[in-house]
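Have a look at the structure below before the remarks.
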Amino acid sequence: MRKEMLKDILQAFGPAGNEEIVSGVIAEYIRPYCDSVYNDAMGNLICCKKGTSGKKIMLSAHMDQIGFIVVDIDEKGFLRIANVGGILPALSVGREVAFANGVHGVIYFETPKTRDASAQAALPNMYVDIGCSTKEQAEEKVQVGDMCVYVTNMVDMGNRIASGAMDNRVCCAVIVEAMMALQSPHDVYAVFTVQEEVGLRGAAAAAYAIDPDFNINLDVTLTGDTPKMPAMSVALGDGPAIKMMDSSVIVPMSVRKFMIECAEQAKIPYQREVLRAGGTDTAVIQKVKDGILAGCISIPCRYVHTPTEVVDMADVDGAVALICEMVAKEQLPGA
Amino acid sequence: MLGRLSNTMSVSGNEKEIRKLLKELAAPYGEITTDTMGNLYVHKPGKGKRIMACAHMDEVGMIVKGIMEDGLLAYTAIGIDSRVCVSKRVVVGPDKVPGVIGAKAIHLQRREDLDKSIPHGELFVDIGAESREDALKYVSVGDYISFDTEFSYFGDGRMKGKALDDRLGCAVVLELLRENYDCDFYGVFTVQEEVGMRGAMAAAYRVEPDLALIFEGTTANDMPECEGHQHVTKVGQGPAISMMDGATIVNPKLFKAMKQTAEEAGIPYQVRQGTKGGTDAGAIHKAGAGALAIGISVPCRYIHGPVSVASVSDFENAVALAKAFLGKRKFDEV
């Protein structure tokens, strides 16, 4: 994985519903490796590399991130906010946020009675301070309806990297990297979907338009390898995870078998993933039209939905290799 | 017209009466069709983008789930807080049998009763029947129940009535159908929005719009106990343009184009500040290969109750805003 590219994709602005900037960054990287690149009505970025078999494989990863939307600006220039996706309020207090136009601010909450922020922070009593003293000043910078996201630096710890938006930009970068390398007899569509974080809203529209024979979705998954985590067999560094099931999808046995065989043949370390709570775009893609065979590669990720999500580069590189192996196969899984 | 639309009784799944009225009112303006779910379409064919103006026909209400030995009707509610049902006049079934939802008189209540709200399961509709057998002469299990509220104008340019959510939206779409626009235009009146945007999904697959405008009566929370930043909308401050709700995030360019339309035309507007709730836009923007969708709402206090309150000027400005958006081909800017 090219770390500079990963950093660009991680740091591109793109909360759910406002993916234009991140879509542009990904498109720049992927365009030289594709025959066509476009955005659909919802904003999904759809990139195609033509093949000759007449079959279509769709690789997908959501490019949106969680964030906040401004719902009100008060007389003193404080911005009131609501969540866009699964924000953890207590972990947001004291954080720096950025808007699409480059305005930065910090999040705090109404006069705390104790110093224990986690006990009292809830979105209705939180606000963003963008350094303005009046409503008029603030409205020159930001308007109701604008969104902001956590500012995070990519923390390079060697094999492991921490950053905000790792969910799911790491998977976007995996697909870009794979598109640079892969050889396939099939049409390969790389799809970067919108609005996953607010309820898997974008992916179905893209799948409806493409109508693929096979979908491989990519997303991050939780791990069971940190202190006192509930039992889960996925761990950082043990390879990309092949999803068996989560609370939104059961991966068909034929797809599961195909993915495991590909990993074993290519000697790519992999893990089997059963995620008890959580959903992915795989779920909605599977149910489009008369049904689409879909599987999911998950990148194990610690501290999901915080500004410090951690992944292991071995898992990332393994995922790229596994995609290349799967799309090269003449014979795709059947029902 | 607003009065006729508001007074019509058509709870989700039983939109026959309102569909009949809308069909009659829309007949002069386009080709009328319906689908198997009961959605009503009025098509004004044209060239260019396909634009769908959409409002839901159904309203919240109740349904008879059983008849007690003593002739009282047990009911299930669709989208209604039980606290607003106590001591209300209702009508039941196709014959509009009058009834009241009663509760124990204050004399009979114990002290602890006074502190709790009565759930739907402990409330009954009294149609004046003396026994189950007697009640069955007038009503059946499965009959729909609506609030018996007469629409009227009152106060300083305000109106009150039931089902302003979303008969005000229906009225906006009717007003839009009177004019011609430079696009392929559909006015669509959907069914079963209140139970989860069920009709709109089918309608979106049928119309396959490029862009949908959804007209709603939305929550106004401009009440004394509510702080400024927690108002969803305010009555009398103009139509509310949606940025985000629980089911839709509006495309930023479309949101901007709609605000600009209002500013250029000098039409007052507000941004709908809540991020919860949902409208037919939630179903429409994801249907098929996807579409653009935005809500324009008339703020209503006390929605999903027997009587809500809205401002006549907000309604008129919602119509003006939509006409300006369509007339000036603002849909080409997104």
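Letters for chains follow the order of the structure tokens (A, B, ...), residue numbers begin at 1 for each chain, and ligand numbers begin at 1 in the order shown.
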
Can you check which residues of chain B have any atom within 6 Å of chain A? Use only C-alpha atoms and format it as a list of chain:residue names.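 Contact residues on the first chain: B:His229, B:Met243, B:Ile249, B:Gln273, B:Gly288, B:Ala289, B:Gly290, B:Ala291.
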
Which neighbours of stretch 217-222 of chain A fall inside 9 Å, counting only C-alpha atoms, when residues of the same chain fewer than 2 positions from it are skipped, and could you give them as a VMD selection string? chain A and resid 58 to 62 166 to 172 174 to 175 215 224 232 234 to 235 241 273 275 278 280 to 282 285 294 to 304 311 319

Expected file contents, prior selection, N, CA and C atoms, as a short mmCIF file (atom, residue, chain, number, x, y, z; two decimals), in the first residue's frame:
data_model
loop_
_atom_site.label_atom_id
_atom_site.label_comp_id
_atom_site.auth_asym_id
_atom_site.auth_seq_id
_atom_site.Cartn_x
_atom_site.Cartn_y
_atom_site.Cartn_z
N MET A 58 -18.29 -6.43 -9.33
CA MET A 58 -18.34 -5.11 -8.69
C MET A 58 -17.55 -5.16 -7.39
N LEU A 59 -16.51 -4.35 -7.29
CA LEU A 59 -15.80 -4.15 -6.03
C LEU A 59 -16.38 -2.89 -5.40
N SER A 60 -16.74 -2.95 -4.13
CA SER A 60 -17.35 -1.74 -3.55
C SER A 60 -16.83 -1.45 -2.16
N ALA A 61 -16.73 -0.18 -1.86
CA ALA A 61 -16.38 0.28 -0.51
C ALA A 61 -17.04 1.64 -0.33
N HIS A 62 -17.55 1.90 0.86
CA HIS A 62 -18.16 3.22 1.03
C HIS A 62 -17.08 4.25 1.29
N MET A 166 -10.60 5.86 8.96
CA MET A 166 -10.07 4.58 8.49
C MET A 166 -11.26 3.74 8.00
N ASP A 167 -12.38 3.86 8.71
CA ASP A 167 -13.69 3.33 8.30
C ASP A 167 -14.28 4.35 7.34
N ASN A 168 -14.18 4.26 6.07
CA ASN A 168 -13.81 3.07 5.36
C ASN A 168 -12.82 3.42 4.27
N ARG A 169 -12.08 4.53 4.51
CA ARG A 169 -11.15 4.97 3.46
C ARG A 169 -10.03 3.97 3.24
N VAL A 170 -9.69 3.18 4.28
CA VAL A 170 -8.64 2.19 4.07
C VAL A 170 -9.09 1.20 2.99
N CYS A 171 -10.38 0.89 2.98
CA CYS A 171 -10.88 -0.03 1.96
C CYS A 171 -10.96 0.63 0.59
N CYS A 172 -11.25 1.95 0.56
CA CYS A 172 -11.21 2.67 -0.72
C CYS A 172 -9.80 2.58 -1.30
N VAL A 174 -7.59 0.31 -0.66
CA VAL A 174 -7.33 -1.09 -1.05
C VAL A 174 -7.86 -1.33 -2.47
N ILE A 175 -9.06 -0.82 -2.76
CA ILE A 175 -9.63 -1.02 -4.10
C ILE A 175 -8.80 -0.28 -5.16
N ASN A 215 -20.41 -9.50 -6.50
CA ASN A 215 -19.96 -8.30 -5.77
C ASN A 215 -19.02 -8.69 -4.65
N GLY A 224 -11.35 -8.51 18.42
CA GLY A 224 -11.52 -8.96 19.80
C GLY A 224 -10.19 -8.99 20.52
N MET A 232 -14.32 -12.26 20.19
CA MET A 232 -14.47 -12.20 18.73
C MET A 232 -13.15 -12.66 18.18
N VAL A 234 -11.52 -12.18 15.48
CA VAL A 234 -10.71 -11.36 14.57
C VAL A 234 -9.66 -10.56 15.35
N ALA A 235 -8.43 -10.56 14.82
CA ALA A 235 -7.33 -9.82 15.46
C ALA A 235 -6.55 -9.04 14.41
N ALA A 241 -10.12 -10.31 6.76
CA ALA A 241 -11.16 -11.21 7.26
C ALA A 241 -12.18 -11.48 6.15
N GLU A 273 -14.66 -14.17 9.72
CA GLU A 273 -15.29 -13.12 10.53
C GLU A 273 -16.78 -13.37 10.75
N LEU A 275 -19.47 -11.10 12.76
CA LEU A 275 -19.64 -9.84 13.49
C LEU A 275 -21.05 -9.82 14.05
N GLY A 278 -23.50 -5.02 13.63
CA GLY A 278 -22.92 -4.15 12.62
C GLY A 278 -23.40 -4.59 11.25
N THR A 280 -23.15 -3.84 6.73
CA THR A 280 -22.35 -3.30 5.62
C THR A 280 -23.21 -3.21 4.36
N ASP A 281 -22.67 -2.47 3.39
CA ASP A 281 -23.33 -2.34 2.09
C ASP A 281 -23.64 -3.70 1.44
N THR A 282 -22.87 -4.72 1.79
CA THR A 282 -23.10 -6.07 1.24
C THR A 282 -24.58 -6.45 1.34
N ILE A 285 -26.73 -4.63 -1.34
CA ILE A 285 -26.34 -5.04 -2.70
C ILE A 285 -26.90 -6.42 -3.00
N ALA A 294 -23.00 -11.85 -3.36
CA ALA A 294 -22.11 -10.85 -2.77
C ALA A 294 -21.37 -11.41 -1.58
N GLY A 295 -20.10 -11.03 -1.47
CA GLY A 295 -19.29 -11.38 -0.33
C GLY A 295 -18.62 -10.13 0.21
N CYS A 296 -17.87 -10.29 1.29
CA CYS A 296 -17.27 -9.11 1.89
C CYS A 296 -15.90 -9.44 2.49
N ILE A 297 -14.91 -8.62 2.12
CA ILE A 297 -13.60 -8.69 2.77
C ILE A 297 -13.57 -7.58 3.81
N SER A 298 -13.23 -7.94 5.04
CA SER A 298 -13.19 -6.93 6.10
C SER A 298 -11.76 -6.69 6.54
N ILE A 299 -11.44 -5.43 6.75
CA ILE A 299 -10.14 -5.09 7.32
C ILE A 299 -10.34 -4.93 8.83
N PRO A 300 -9.66 -5.75 9.63
CA PRO A 300 -9.79 -5.62 11.09
C PRO A 300 -9.38 -4.22 11.54
N CYS A 301 -10.14 -3.63 12.42
CA CYS A 301 -9.90 -2.23 12.79
C CYS A 301 -10.27 -2.02 14.26
N ARG A 302 -9.35 -1.46 15.03
CA ARG A 302 -9.64 -1.14 16.43
C ARG A 302 -10.23 0.26 16.54
N TYR A 303 -11.04 0.46 17.55
CA TYR A 303 -11.56 1.80 17.92
C TYR A 303 -12.39 2.43 16.80
N VAL A 304 -13.23 1.60 16.17
CA VAL A 304 -14.05 2.08 15.04
C VAL A 304 -14.97 3.21 15.49
N VAL A 311 -5.45 0.18 12.02
CA VAL A 311 -5.40 -1.02 11.19
C VAL A 311 -3.94 -1.48 11.06
N ALA A 319 -5.52 -7.89 1.72
CA ALA A 319 -6.81 -7.64 1.07
C ALA A 319 -6.62 -7.31 -0.41
#

Under the rule that only C-alpha atoms are counted, which of A:Ile130, A:Ala12, A:Ala178, A:Leu322 is the nearest residue to A:Glu96?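 Residue with the minimum atom-to-atom distance to A:Glu96: A:Ile130.
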
Nearest-residue call for A:Phe214, choices A:Pro185, A:Gly164, A:Gly291, A:Pro227, using only C-alpha atoms: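 Among A:Pro185, A:Gly164, A:Gly291, A:Pro227, it is A:Gly291 that comes nearest to A:Phe214.
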
Closest of B:Met37, B:Ile78, B:Val319, B:Ala129 to B:Arg178 - atom-to-atom distances counting only C-alpha atoms: B:Val319

Atomic distance atom CA of A:Phe99 - atom CA of B:Gly277, expressed in Å with one decimal: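 Here the two named atoms are 24.9 Å from each other.
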
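Every protein or nucleic acid residue with an atom no more than 8 Å from B:Arg83, counting only C-alpha atoms and leaving out same-chain residues fewer than 4 positions away, appears here: Ser117, Ile118 and Pro119 of chain B.
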
Those selected residues, please, written with C-alpha atoms and delivered as a PDB file, in the first residue's frame.
ATOM      1  CA  SER B 117     -50.624   8.643  30.776  1.00  0.00           C
ATOM      2  CA  ILE B 118     -53.132   6.104  29.554  1.00  0.00           C
ATOM      3  CA  PRO B 119     -51.804   3.792  26.826  1.00  0.00           C
TER       4      PRO B 119
END

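Here the question is which of B:Met1, B:Ala220, B:Leu73, B:Ile18 gets nearest to B:Ala240 using only C-alpha atoms, and that residue is B:Ala220.
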
From stretch 97-219 of chain B, collect each residue whose DSSP state is alpha helix (DSSP H) and return the set as an MDAnalysis selection string. chainID B and resid 132:135 164:177 198:207

What is the distance, in Å and to one decimal place, between atom CA of B:Ala26 and atom CA of B:Leu174?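 Value for the atom CA of B:Ala26-atom CA of B:Leu174 distance: 6.4 Å.
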
Skip stretch 155-163 of chain B itself and residues of its chain fewer than 2 positions away, then list as a ChimeraX atom specification all residues within 8 Å of it, counting only C-alpha atoms. /B:3,6-7,59-60,147,149-153,165-167,303-313

Surrounding residues of stretch 192-209 of chain B excluding itself and chain neighbours under 5 positions, 9 Å, only C-alpha atoms, as an MDAnalysis selection string: chainID B and resid 11:15 35 37:41 49:52 54 56:60 78:79 186 278:292

Output C-alpha atoms for every residue in the selection just made, as a PDB file, in the first residue's frame.
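What follows is the written file result_8.pdb:
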ATOM      1  CA  VAL B  11     -55.853   6.818   7.149  1.00  0.00           C
ATOM      2  CA  SER B  12     -52.827   4.898   5.761  1.00  0.00           C
ATOM      3  CA  GLY B  13     -53.927   1.933   3.670  1.00  0.00           C
ATOM      4  CA  ASN B  14     -57.391   3.374   3.128  1.00  0.00           C
ATOM      5  CA  GLU B  15     -56.744   6.333   0.835  1.00  0.00           C
ATOM      6  CA  ASP B  35     -51.055   1.873  -9.580  1.00  0.00           C
ATOM      7  CA  MET B  37     -50.764   0.219  -4.324  1.00  0.00           C
ATOM      8  CA  GLY B  38     -53.122   3.129  -4.876  1.00  0.00           C
ATOM      9  CA  ASN B  39     -50.656   5.917  -5.677  1.00  0.00           C
ATOM     10  CA  LEU B  40     -52.169   8.599  -7.909  1.00  0.00           C
ATOM     11  CA  TYR B  41     -50.141  10.035 -10.812  1.00  0.00           C
ATOM     12  CA  LYS B  49     -35.567  16.303 -17.053  1.00  0.00           C
ATOM     13  CA  ARG B  50     -38.249  14.237 -15.386  1.00  0.00           C
ATOM     14  CA  ILE B  51     -39.393  16.029 -12.266  1.00  0.00           C
ATOM     15  CA  MET B  52     -41.716  14.505  -9.704  1.00  0.00           C
ATOM     16  CA  CYS B  54     -44.840  14.417  -4.503  1.00  0.00           C
ATOM     17  CA  HIS B  56     -48.564  11.721   0.573  1.00  0.00           C
ATOM     18  CA  MET B  57     -52.324  11.326   0.731  1.00  0.00           C
ATOM     19  CA  ASP B  58     -52.585   9.237   3.864  1.00  0.00           C
ATOM     20  CA  GLU B  59     -52.955  10.530   7.403  1.00  0.00           C
ATOM     21  CA  VAL B  60     -52.388   9.082  10.849  1.00  0.00           C
ATOM     22  CA  ILE B  78     -50.932   4.391  13.485  1.00  0.00           C
ATOM     23  CA  GLY B  79     -48.458   7.149  14.356  1.00  0.00           C
ATOM     24  CA  TYR B 186     -45.383  14.327 -12.682  1.00  0.00           C
ATOM     25  CA  GLY B 278     -38.444  10.904   7.467  1.00  0.00           C
ATOM     26  CA  THR B 279     -40.402  11.671   4.336  1.00  0.00           C
ATOM     27  CA  ASP B 280     -41.072  10.002   1.014  1.00  0.00           C
ATOM     28  CA  ALA B 281     -37.738  11.492  -0.136  1.00  0.00           C
ATOM     29  CA  GLY B 282     -36.055   8.720   1.849  1.00  0.00           C
ATOM     30  CA  ALA B 283     -37.579   6.068  -0.383  1.00  0.00           C
ATOM     31  CA  ILE B 284     -37.433   8.014  -3.633  1.00  0.00           C
ATOM     32  CA  HIS B 285     -33.760   9.036  -3.613  1.00  0.00           C
ATOM     33  CA  LYS B 286     -32.590   5.430  -3.222  1.00  0.00           C
ATOM     34  CA  ALA B 287     -35.001   3.781  -5.652  1.00  0.00           C
ATOM     35  CA  GLY B 288     -33.641   2.266  -8.840  1.00  0.00           C
ATOM     36  CA  ALA B 289     -30.366   3.860  -9.849  1.00  0.00           C
ATOM     37  CA  GLY B 290     -30.977   6.782  -7.467  1.00  0.00           C
ATOM     38  CA  ALA B 291     -32.375  10.288  -7.798  1.00  0.00           C
ATOM     39  CA  LEU B 292     -32.074  13.751  -6.308  1.00  0.00           C
TER      40      LEU B 292
END

Expected answer as an MDAnalysis selection string: strand (DSSP E or B) residues in stretch 71-202 of chain B: chainID B and resid 73:78 88:92 97:102 124:126 144:147 152:154 158:161 184:190
